[in-house]
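Undergrad: Have a peek at data.txt (compact mmCIF, C-alpha atoms).
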```txt
# COMPACT_ATOMS: atom_id res chain seq x y z
CA MET A 125 -111.50 31.19 179.57
CA ASN A 126 -108.43 32.67 177.92
CA LYS A 127 -105.56 30.35 177.28
CA PRO A 128 -102.30 31.27 178.99
CA VAL A 129 -99.81 33.11 176.75
CA GLN A 130 -97.03 30.75 175.76
CA PRO A 131 -93.47 32.10 175.84
CA THR A 132 -91.82 32.64 172.47
CA PRO A 133 -89.46 29.77 171.69
CA ALA A 134 -85.82 30.79 172.06
CA GLY A 135 -85.12 30.14 168.37
CA ASP A 136 -88.03 32.33 167.21
CA ALA A 137 -87.06 35.07 169.65
CA ALA A 138 -83.59 35.13 168.11
CA VAL A 139 -85.07 35.50 164.63
CA ILE A 140 -87.33 38.34 165.77
CA ARG A 141 -84.37 40.09 167.38
CA VAL A 142 -82.35 39.83 164.17
CA GLN A 143 -85.29 41.17 162.16
CA GLN A 144 -85.35 44.24 164.39
CA PHE A 145 -81.98 45.18 162.93
CA GLU A 146 -83.26 44.97 159.34
CA SER A 147 -84.98 47.87 157.62
CA PRO A 148 -88.01 47.50 155.33
CA ALA A 149 -87.31 46.56 151.73
CA GLY A 150 -88.48 49.85 150.22
CA VAL A 151 -85.58 52.27 149.69
CA PRO A 152 -84.94 55.54 147.85
CA LEU A 153 -83.86 54.79 144.29
CA LEU A 154 -82.47 56.67 141.33
CA SER A 155 -85.07 56.32 138.58
CA THR A 156 -83.53 56.41 135.11
CA GLN A 157 -86.98 57.11 133.69
CA MET A 158 -87.52 60.14 135.92
CA LEU A 159 -83.96 61.33 135.39
CA ALA A 160 -84.26 61.17 131.60
CA THR A 161 -87.73 62.71 131.33
CA ALA A 162 -87.46 65.62 133.77
CA ASP A 163 -87.74 69.09 132.25
CA GLY A 164 -84.15 70.27 132.42
CA GLU A 165 -81.45 70.89 129.83
CA LEU A 166 -79.14 68.20 131.19
CA ASN A 167 -82.04 65.77 131.62
CA ARG A 168 -83.00 66.23 127.96
CA GLU A 169 -79.39 65.66 126.91
CA LEU A 170 -79.38 62.41 128.89
CA ASN A 171 -82.63 61.35 127.23
CA HIS A 172 -81.12 61.76 123.75
CA PHE A 173 -77.91 60.07 124.89
CA LEU A 174 -79.73 57.03 126.22
CA PHE A 175 -82.48 56.58 123.68
CA ASP A 176 -81.48 58.07 120.30
CA PRO A 177 -80.07 55.62 117.71
CA PRO A 178 -76.29 55.88 117.17
CA SER A 179 -75.33 58.75 114.89
CA ASN A 180 -72.18 57.00 113.63
CA PRO A 181 -71.80 53.28 114.46
CA ASN A 182 -68.14 53.39 113.36
CA LEU A 183 -67.17 56.53 115.27
CA LEU A 184 -65.07 54.61 117.81
CA LYS A 185 -64.22 51.57 115.75
CA GLY A 186 -60.94 50.04 116.91
CA ARG A 187 -61.05 51.81 120.28
CA LYS A 188 -61.04 49.78 123.50
CA ILE A 189 -62.40 51.35 126.68
CA ALA A 190 -62.31 50.07 130.26
CA ILE A 191 -65.11 50.83 132.69
CA CYS A 192 -63.39 50.14 136.01
CA CYS A 193 -65.79 49.42 138.86
CA THR A 194 -66.90 46.97 141.52
CA ASN A 195 -70.05 46.18 143.51
CA GLY A 196 -72.28 49.19 144.12
CA VAL A 197 -71.69 50.82 140.74
CA GLU A 198 -74.44 53.27 139.72
CA GLU A 199 -76.54 51.50 137.10
CA VAL A 200 -77.38 54.38 134.76
CA GLU A 201 -73.76 55.54 134.66
CA ILE A 202 -72.26 52.18 133.73
CA LEU A 203 -75.04 50.94 131.43
CA GLY A 204 -75.49 54.33 129.75
CA ALA A 205 -71.80 54.71 129.00
CA HIS A 206 -71.38 51.06 128.00
CA ARG A 207 -74.27 51.07 125.54
CA TRP A 208 -73.47 54.43 123.91
CA LEU A 209 -69.80 53.62 123.44
CA SER A 210 -70.55 50.11 122.15
CA GLU A 211 -73.20 51.35 119.73
CA HIS A 212 -70.67 53.82 118.35
CA GLY A 213 -68.15 51.11 117.59
CA ALA A 214 -65.97 50.80 120.70
CA THR A 215 -65.07 47.60 122.48
CA VAL A 216 -66.04 48.17 126.11
CA HIS A 217 -64.86 46.03 129.01
CA VAL A 218 -66.15 45.96 132.57
CA VAL A 219 -62.86 45.76 134.50
CA ALA A 220 -63.20 44.82 138.16
CA PRO A 221 -61.28 43.32 141.08
CA LYS A 222 -61.55 39.58 141.47
CA ALA A 223 -63.77 39.05 144.48
CA GLY A 224 -62.53 36.75 147.20
CA PRO A 225 -63.82 35.76 150.61
CA LEU A 226 -63.48 38.37 153.32
CA PRO A 227 -62.14 37.51 156.78
CA PRO A 228 -64.84 35.69 158.80
CA GLY A 229 -64.67 38.39 161.45
CA TYR A 230 -66.13 40.91 158.97
CA GLY A 231 -69.38 38.94 158.84
CA VAL A 232 -69.71 39.47 155.08
CA LYS A 233 -70.83 36.54 152.93
CA MET A 234 -70.32 37.02 149.19
CA PRO A 235 -72.64 35.15 146.81
CA PRO A 236 -70.91 32.94 144.22
CA ILE A 237 -72.03 35.23 141.37
CA ALA A 238 -69.78 37.98 142.78
CA GLU A 239 -66.77 36.04 141.47
CA THR A 240 -67.76 36.81 137.86
CA HIS A 241 -70.11 39.81 138.10
CA VAL A 242 -70.49 43.19 139.81
CA LEU A 243 -73.72 44.34 141.41
CA ALA A 244 -75.20 47.57 140.07
CA ILE A 245 -77.29 49.84 142.26
CA ARG A 246 -79.84 52.61 141.79
CA LEU A 247 -78.81 54.99 144.57
CA MET A 248 -79.73 52.65 147.43
CA GLU A 249 -81.66 49.92 145.64
CA ASN A 250 -79.89 46.84 144.27
CA GLY A 251 -79.98 46.57 140.50
CA GLY A 252 -78.74 43.65 138.41
CA TRP A 253 -75.49 41.72 138.17
CA LEU A 254 -73.17 42.77 135.32
CA LYS A 255 -70.60 40.40 133.87
CA ILE A 256 -66.91 41.17 134.42
CA ASP A 257 -64.92 41.11 131.16
CA GLN A 258 -61.46 41.54 132.64
CA TYR A 259 -60.09 41.35 136.17
CA VAL A 260 -58.17 44.42 137.23
CA GLU A 261 -55.39 42.21 138.59
CA THR A 262 -54.41 41.33 135.00
CA ALA A 263 -55.61 44.46 133.15
CA LYS A 264 -52.89 46.38 131.30
CA ALA A 265 -52.97 50.04 130.35
CA SER A 266 -51.44 49.09 126.99
CA ASP A 267 -54.63 47.16 126.15
CA TYR A 268 -56.98 50.14 126.50
CA ASP A 269 -57.44 53.58 124.97
CA ALA A 270 -59.38 55.13 127.87
CA ILE A 271 -60.82 54.39 131.29
CA ILE A 272 -64.08 55.44 132.94
CA LEU A 273 -64.63 55.41 136.70
CA PRO A 274 -68.39 55.51 137.34
CA GLY A 275 -69.99 56.39 140.63
CA GLY A 276 -72.37 54.88 143.06
CA CYS A 277 -71.09 55.62 146.53
CA TRP A 278 -70.08 52.06 147.51
CA ASN A 279 -68.30 51.24 144.26
CA PRO A 280 -65.50 53.85 144.30
CA ASP A 281 -65.16 53.57 148.06
CA PHE A 282 -64.32 49.86 147.64
CA LEU A 283 -62.28 50.46 144.51
CA ARG A 284 -60.05 53.16 145.99
CA ALA A 285 -58.78 50.62 148.52
CA ASP A 286 -57.76 48.13 145.82
CA LYS A 287 -54.05 48.46 145.02
CA ASN A 288 -54.45 46.88 141.57
CA ALA A 289 -57.23 49.27 140.60
CA ILE A 290 -55.18 52.25 141.75
CA ALA A 291 -52.15 51.04 139.79
CA PHE A 292 -54.27 50.52 136.67
CA VAL A 293 -55.70 54.05 136.87
CA GLN A 294 -52.25 55.53 137.46
CA ASP A 295 -50.80 53.63 134.49
CA MET A 296 -53.58 54.88 132.22
CA TYR A 297 -52.95 58.45 133.34
CA LYS A 298 -49.18 58.20 132.93
CA ALA A 299 -49.70 56.82 129.42
CA GLY A 300 -51.59 60.01 128.54
CA LYS A 301 -54.86 58.19 127.94
CA PRO A 302 -58.22 59.75 128.89
CA VAL A 303 -59.10 59.03 132.53
CA CYS A 304 -62.75 59.83 133.32
CA GLY A 305 -64.50 59.96 136.68
CA ILE A 306 -68.16 60.79 137.28
CA CYS A 307 -70.21 61.36 140.43
CA HIS A 308 -68.32 59.60 143.30
CA GLY A 309 -65.84 58.13 140.79
CA PRO A 310 -63.26 60.89 141.40
CA TRP A 311 -62.71 59.39 144.86
CA VAL A 312 -60.53 56.85 143.04
CA LEU A 313 -58.58 59.69 141.41
CA ILE A 314 -57.95 61.13 144.86
CA SER A 315 -56.57 57.85 146.16
CA ALA A 316 -54.48 57.52 143.00
CA ARG A 317 -53.02 60.95 143.87
CA LEU A 318 -53.84 62.40 140.48
CA LEU A 319 -55.78 65.55 141.43
CA LYS A 320 -53.22 67.76 143.16
CA GLY A 321 -52.96 71.00 141.17
CA LYS A 322 -55.67 69.86 138.73
CA LYS A 323 -59.08 71.28 137.88
CA ALA A 324 -61.84 68.79 138.59
CA THR A 325 -65.44 68.25 139.58
CA ALA A 326 -67.53 65.49 141.16
CA VAL A 327 -70.87 65.00 142.89
CA TRP A 328 -71.38 68.04 145.09
CA ASN A 329 -71.02 66.39 148.50
CA ILE A 330 -67.42 65.29 147.80
CA HIS A 331 -66.20 68.65 146.50
CA ILE A 332 -64.53 69.12 149.87
CA ASP A 333 -62.62 65.86 149.32
CA LEU A 334 -61.35 67.14 145.98
CA GLU A 335 -60.27 70.40 147.61
CA ASN A 336 -58.46 68.52 150.37
CA ALA A 337 -56.64 66.53 147.69
CA GLY A 338 -55.33 69.77 146.19
CA ALA A 339 -57.71 70.13 143.25
CA THR A 340 -59.33 73.32 142.03
CA VAL A 341 -63.02 72.44 142.10
CA ILE A 342 -65.27 73.77 139.36
CA ASP A 343 -69.02 73.24 139.61
CA GLU A 344 -69.72 72.48 135.95
CA PRO A 345 -71.17 69.40 134.20
CA VAL A 346 -67.76 68.36 132.91
CA VAL A 347 -64.24 69.61 133.63
CA VAL A 348 -61.25 68.72 131.46
CA ASP A 349 -57.66 69.15 132.61
CA GLY A 350 -55.26 67.43 130.24
CA ASN A 351 -56.29 63.78 130.03
CA LEU A 352 -58.35 64.01 133.24
CA ILE A 353 -62.09 64.31 132.58
CA THR A 354 -64.52 64.62 135.49
CA ALA A 355 -68.28 65.06 135.81
CA ARG A 356 -70.76 65.60 138.65
CA PHE A 357 -73.97 63.61 138.27
CA PRO A 358 -75.64 61.00 136.03
CA TYR A 359 -77.24 63.64 133.83
CA ASP A 360 -73.73 64.97 133.06
CA LEU A 361 -72.82 61.63 131.46
CA PRO A 362 -73.41 62.78 127.85
CA ARG A 363 -71.03 65.72 128.19
CA MET A 364 -68.38 63.58 129.87
CA VAL A 365 -68.56 61.02 127.07
CA GLN A 366 -68.47 63.83 124.48
CA ALA A 367 -65.25 65.12 126.06
CA LEU A 368 -63.85 61.58 126.01
CA VAL A 369 -64.72 61.12 122.34
CA LYS A 370 -63.05 64.44 121.50
CA GLN A 371 -59.79 63.18 123.00
CA LEU A 372 -60.06 59.81 121.26
CA VAL A 373 -60.99 60.89 117.74
CA GLY A 374 -60.90 64.68 117.69
```
For this file, produce the structure as structure tokens.
TA:
Amino acid sequence: MNKPVQPTPAGDAAVIRVQQFESPAGVPLLSTQMLATADGELNRELNHFLFDPPSNPNLLKGRKIAICCTNGVEEVEILGAHRWLSEHGATVHVVAPKAGPLPPGYGVKMPPIAETHVLAIRLMENGGWLKIDQYVETAKASDYDAIILPGGCWNPDFLRADKNAIAFVQDMYKAGKPVCGICHGPWVLISARLLKGKKATAVWNIHIDLENAGATVIDEPVVVDGNLITARFPYDLPRMVQALVKQLVG
């Protein structure tokens, strides 16, 4: 004789209901290996950029570069730029807002590590935690020779709402120092009101945002307009950095 089906305990039912709002762990990701080994001109350039030994370890000696970002920064863009610039002699700082607790009503709980690190992502997959070298609240344009704004959709969307980050970017621009944005990074340039009347590029799906901000959009790997340097996609990183180096050392 079959035993009667027991009702699910209220506590377990609540857990099951919550789980129904959670998606499976597997997500689309941006594979650095695939990106750097695909058979395309820009992919091959990225491969050399990421994996070749430094051609001149003293090329950027004495230069100090800020990579301004927050949680959700695209891993290949921040790590690729950081390593290449460091291996060529630059001092590179991860400059980020100081994380604090959000209002309880938002329902967002930040892990303690977020106070000292930013979380990198690979498109939609979480990557690793990267140590913050300088908080944007105390960063000064006079301390840096250039700034890079990497992408990852969440990162610039958070960053563009941070008044200290916007002020830092504006100060770097006003000082005539190279200001670089790649992928979704130019969103921050829009919020800093730096693109009106300028030539620029970005990841393709935000070209309309650049146009609405008054920029002339050019679909090329890298676009330079004065000290503004913009690029579209992770495989454009080598050309963006090359344009940055040209402004720093000629």
Undergrad: Check the smallest atom-to-atom distance from each of A:Glu335, A:Asp349, A:Asp163, A:Asp295 to Ala367 in chain A using all atoms listed in the file, then report the winner.
TA: A:Asp349
Undergrad: Distance CA of Lys185 in chain A-CA of Thr215 in chain A, one decimal place?
TA: 7.9 Å
Undergrad: Excluding range 277-292 of chain A and any residue of its chain fewer than 6 positions from it, enumerate the residues within 7 Å of it, using all atoms listed in the file, and give them as a PyMOL selection string.
TA: chain A and resi 193-197+260-261+264-265+308-309+311-312+315-316
Undergrad: Please report as CSV every residue of range 351-371 of chain A lying within 10 Å of range 172-178 of chain A, along with the nearest atom pair and their distance in Å (one decimal), using only C-alpha atoms.
TA:
```
residue,atom,partner,partner_atom,distance
A:Tyr359,CA,A:Phe173,CA,9.6
A:Leu361,CA,A:Phe173,CA,8.5
A:Pro362,CA,A:Phe173,CA,6.0
A:Arg363,CA,A:Phe173,CA,9.5
A:Val365,CA,A:Phe173,CA,9.6
```
Undergrad: Enter the distance from CA of Leu254 in chain A to CA of Ala299 in chain A, in Å, rounded to one decimal.
TA: 28.0 Å
Undergrad: Could you tell me, as a PyMOL selection string, which residues have any atom at most 12 Å from (-78.3, 48.0, 139.0), counting only C-alpha atoms?
TA: chain A and resi 153-156+194-204+241-255+275-276+279
Undergrad: Box in all listed atoms of range 299-313 of chain A, axis-aligned, with 4 Å more on each side; write out centre and edge lengths in Å to one decimal as AutoDock Vina command-line options.
TA:
```
--center_x -60.0 --center_y 59.1 --center_z 136.4 --size_x 28.5 --size_y 12.5 --size_z 24.9
```
Undergrad: As a list of chain:residue names, please: the residues near Leu372 in chain A (cut-off 12 Å, only C-alpha atoms, same-chain neighbours under 4 positions excluded).
TA: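 Near Leu372 in chain A, the qualifying residues are A:Leu183, A:Leu184, A:Lys185, A:Gly186, A:Arg187, A:Lys188, A:Ile189, A:Leu209, A:Ala214, A:Tyr268, A:Asp269, A:Ala270, A:Ile271, A:Gly300, A:Lys301, A:Pro302, A:Val303, A:Asn351, A:Val365, A:Gln366, A:Ala367, A:Leu368.
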Undergrad: Could the residues of range 218-317 of chain A that have an atom at most 9 Å from range 337-347 of chain A be listed as CSV, each with its closest atom pair and the distance in Å to one decimal, counting all atoms listed in the file and ordered by chain and ascending residue number?
TA:
```
residue,atom,partner,partner_atom,distance
A:Ile306,CA,A:Val346,CA,8.7
A:Ile314,CA,A:Ala337,CA,6.2
A:Ser315,CA,A:Ala337,CA,8.8
A:Arg317,CA,A:Ala337,CA,7.7
```
Undergrad: Can you measure CA of Ala238 in chain A to CA of Ser266 in chain A for me? One decimal in Å is fine.
TA: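 Taking CA of Ala238 in chain A as the start and CA of Ser266 in chain A as the end point, the length is 26.6 Å.
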Undergrad: I need the residue nearest Leu273 in chain A from this list: A:Gly150, A:Pro221, A:Gly305, A:Gly213. Use all atoms listed in the file for the distance.
TA: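 Smallest distance to Leu273 in chain A is found for A:Gly305.
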Undergrad: Could you pull range 144-185 of chain A out of the structure I just pasted and write it to a file containing N, CA and C atoms, as a tab-separated table (two decimals), in the first residue's frame?
TA:
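Result file part38.tsv:
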```tsv
chain	number	residue	atom	x	y	z
A	144	GLN	N	13.27	28.88	-7.77
A	144	GLN	CA	12.62	29.04	-9.06
A	144	GLN	C	12.93	30.38	-9.71
A	145	PHE	N	13.45	31.31	-8.92
A	145	PHE	CA	13.84	32.61	-9.45
A	145	PHE	C	15.32	32.66	-9.82
A	146	GLU	N	16.04	31.57	-9.62
A	146	GLU	CA	17.47	31.52	-9.90
A	146	GLU	C	17.73	30.70	-11.15
A	147	SER	N	18.58	31.21	-12.02
A	147	SER	CA	18.90	30.51	-13.25
A	147	SER	C	20.03	29.53	-13.02
A	148	PRO	N	20.19	28.54	-13.90
A	148	PRO	CA	21.31	27.60	-13.76
A	148	PRO	C	22.65	28.32	-13.77
A	149	ALA	N	23.68	27.66	-13.26
A	149	ALA	CA	24.98	28.31	-13.10
A	149	ALA	C	25.66	28.58	-14.43
A	150	GLY	N	25.45	27.72	-15.42
A	150	GLY	CA	26.13	27.90	-16.70
A	150	GLY	C	25.67	29.16	-17.41
A	151	VAL	N	26.60	29.99	-17.85
A	151	VAL	CA	26.26	31.25	-18.52
A	151	VAL	C	27.19	31.45	-19.72
A	152	PRO	N	26.76	32.26	-20.69
A	152	PRO	CA	27.68	32.62	-21.78
A	152	PRO	C	28.89	33.36	-21.20
A	153	LEU	N	30.07	33.07	-21.71
A	153	LEU	CA	31.27	33.74	-21.21
A	153	LEU	C	32.14	34.18	-22.37
A	154	LEU	N	32.97	35.16	-22.10
A	154	LEU	CA	33.93	35.63	-23.08
A	154	LEU	C	35.24	34.90	-22.83
A	155	SER	N	35.59	34.01	-23.73
A	155	SER	CA	36.79	33.19	-23.57
A	155	SER	C	38.00	33.91	-24.14
A	156	THR	N	38.93	34.26	-23.27
A	156	THR	CA	40.17	34.91	-23.73
A	156	THR	C	40.93	34.00	-24.69
A	157	GLN	N	40.91	32.70	-24.39
A	157	GLN	CA	41.62	31.75	-25.26
A	157	GLN	C	41.02	31.75	-26.67
A	158	MET	N	39.71	31.67	-26.76
A	158	MET	CA	39.07	31.69	-28.08
A	158	MET	C	39.28	33.02	-28.77
A	159	LEU	N	39.17	34.10	-28.01
A	159	LEU	CA	39.32	35.44	-28.57
A	159	LEU	C	40.71	35.64	-29.16
A	160	ALA	N	41.72	35.11	-28.48
A	160	ALA	CA	43.11	35.34	-28.89
A	160	ALA	C	43.63	34.31	-29.88
A	161	THR	N	42.86	33.29	-30.18
A	161	THR	CA	43.33	32.26	-31.12
A	161	THR	C	42.46	32.16	-32.36
A	162	ALA	N	41.39	32.96	-32.44
A	162	ALA	CA	40.54	32.96	-33.63
A	162	ALA	C	41.33	33.49	-34.82
A	163	ASP	N	40.92	33.09	-36.01
A	163	ASP	CA	41.65	33.45	-37.23
A	163	ASP	C	41.14	34.77	-37.79
A	164	GLY	N	41.57	35.85	-37.16
A	164	GLY	CA	41.22	37.19	-37.64
A	164	GLY	C	42.39	38.12	-37.36
A	165	GLU	N	42.49	39.18	-38.13
A	165	GLU	CA	43.62	40.10	-37.98
A	165	GLU	C	43.67	40.69	-36.57
A	166	LEU	N	42.54	41.15	-36.07
A	166	LEU	CA	42.52	41.75	-34.74
A	166	LEU	C	42.73	40.72	-33.65
A	167	ASN	N	42.25	39.49	-33.88
A	167	ASN	CA	42.48	38.42	-32.91
A	167	ASN	C	43.96	38.09	-32.82
A	168	ARG	N	44.63	38.06	-33.96
A	168	ARG	CA	46.08	37.77	-33.95
A	168	ARG	C	46.85	38.89	-33.26
A	169	GLU	N	46.42	40.14	-33.47
A	169	GLU	CA	47.07	41.26	-32.78
A	169	GLU	C	46.91	41.12	-31.26
A	170	LEU	N	45.72	40.71	-30.83
A	170	LEU	CA	45.49	40.52	-29.40
A	170	LEU	C	46.36	39.39	-28.87
A	171	ASN	N	46.52	38.34	-29.63
A	171	ASN	CA	47.37	37.22	-29.21
A	171	ASN	C	48.79	37.69	-28.94
A	172	HIS	N	49.36	38.45	-29.88
A	172	HIS	CA	50.72	38.97	-29.69
A	172	HIS	C	50.77	39.92	-28.49
A	173	PHE	N	49.75	40.75	-28.35
A	173	PHE	CA	49.68	41.73	-27.27
A	173	PHE	C	49.69	41.03	-25.91
A	174	LEU	N	48.93	39.96	-25.80
A	174	LEU	CA	48.79	39.26	-24.53
A	174	LEU	C	49.96	38.36	-24.19
A	175	PHE	N	50.54	37.73	-25.21
A	175	PHE	CA	51.46	36.63	-24.93
A	175	PHE	C	52.91	36.85	-25.34
A	176	ASP	N	53.21	37.84	-26.18
A	176	ASP	CA	54.60	38.10	-26.54
A	176	ASP	C	55.34	38.74	-25.36
A	177	PRO	N	56.64	38.45	-25.20
A	177	PRO	CA	57.41	39.14	-24.16
A	177	PRO	C	57.52	40.63	-24.47
A	178	PRO	N	57.72	41.47	-23.46
A	178	PRO	CA	57.79	42.92	-23.70
A	178	PRO	C	58.93	43.28	-24.64
A	179	SER	N	58.65	44.15	-25.58
A	179	SER	CA	59.67	44.56	-26.55
A	179	SER	C	60.65	45.55	-25.94
A	180	ASN	N	60.18	46.37	-24.99
A	180	ASN	CA	61.03	47.37	-24.35
A	180	ASN	C	60.52	47.58	-22.92
A	181	PRO	N	61.11	46.88	-21.95
A	181	PRO	CA	60.63	46.97	-20.56
A	181	PRO	C	60.71	48.37	-19.95
A	182	ASN	N	61.45	49.27	-20.57
A	182	ASN	CA	61.58	50.63	-20.04
A	182	ASN	C	60.80	51.67	-20.85
A	183	LEU	N	59.99	51.19	-21.79
A	183	LEU	CA	59.28	52.09	-22.69
A	183	LEU	C	58.47	53.14	-21.93
A	184	LEU	N	57.79	52.72	-20.87
A	184	LEU	CA	56.91	53.62	-20.12
A	184	LEU	C	57.42	53.90	-18.72
A	185	LYS	N	58.71	53.74	-18.54
A	185	LYS	CA	59.29	53.97	-17.21
A	185	LYS	C	59.00	55.40	-16.74
```
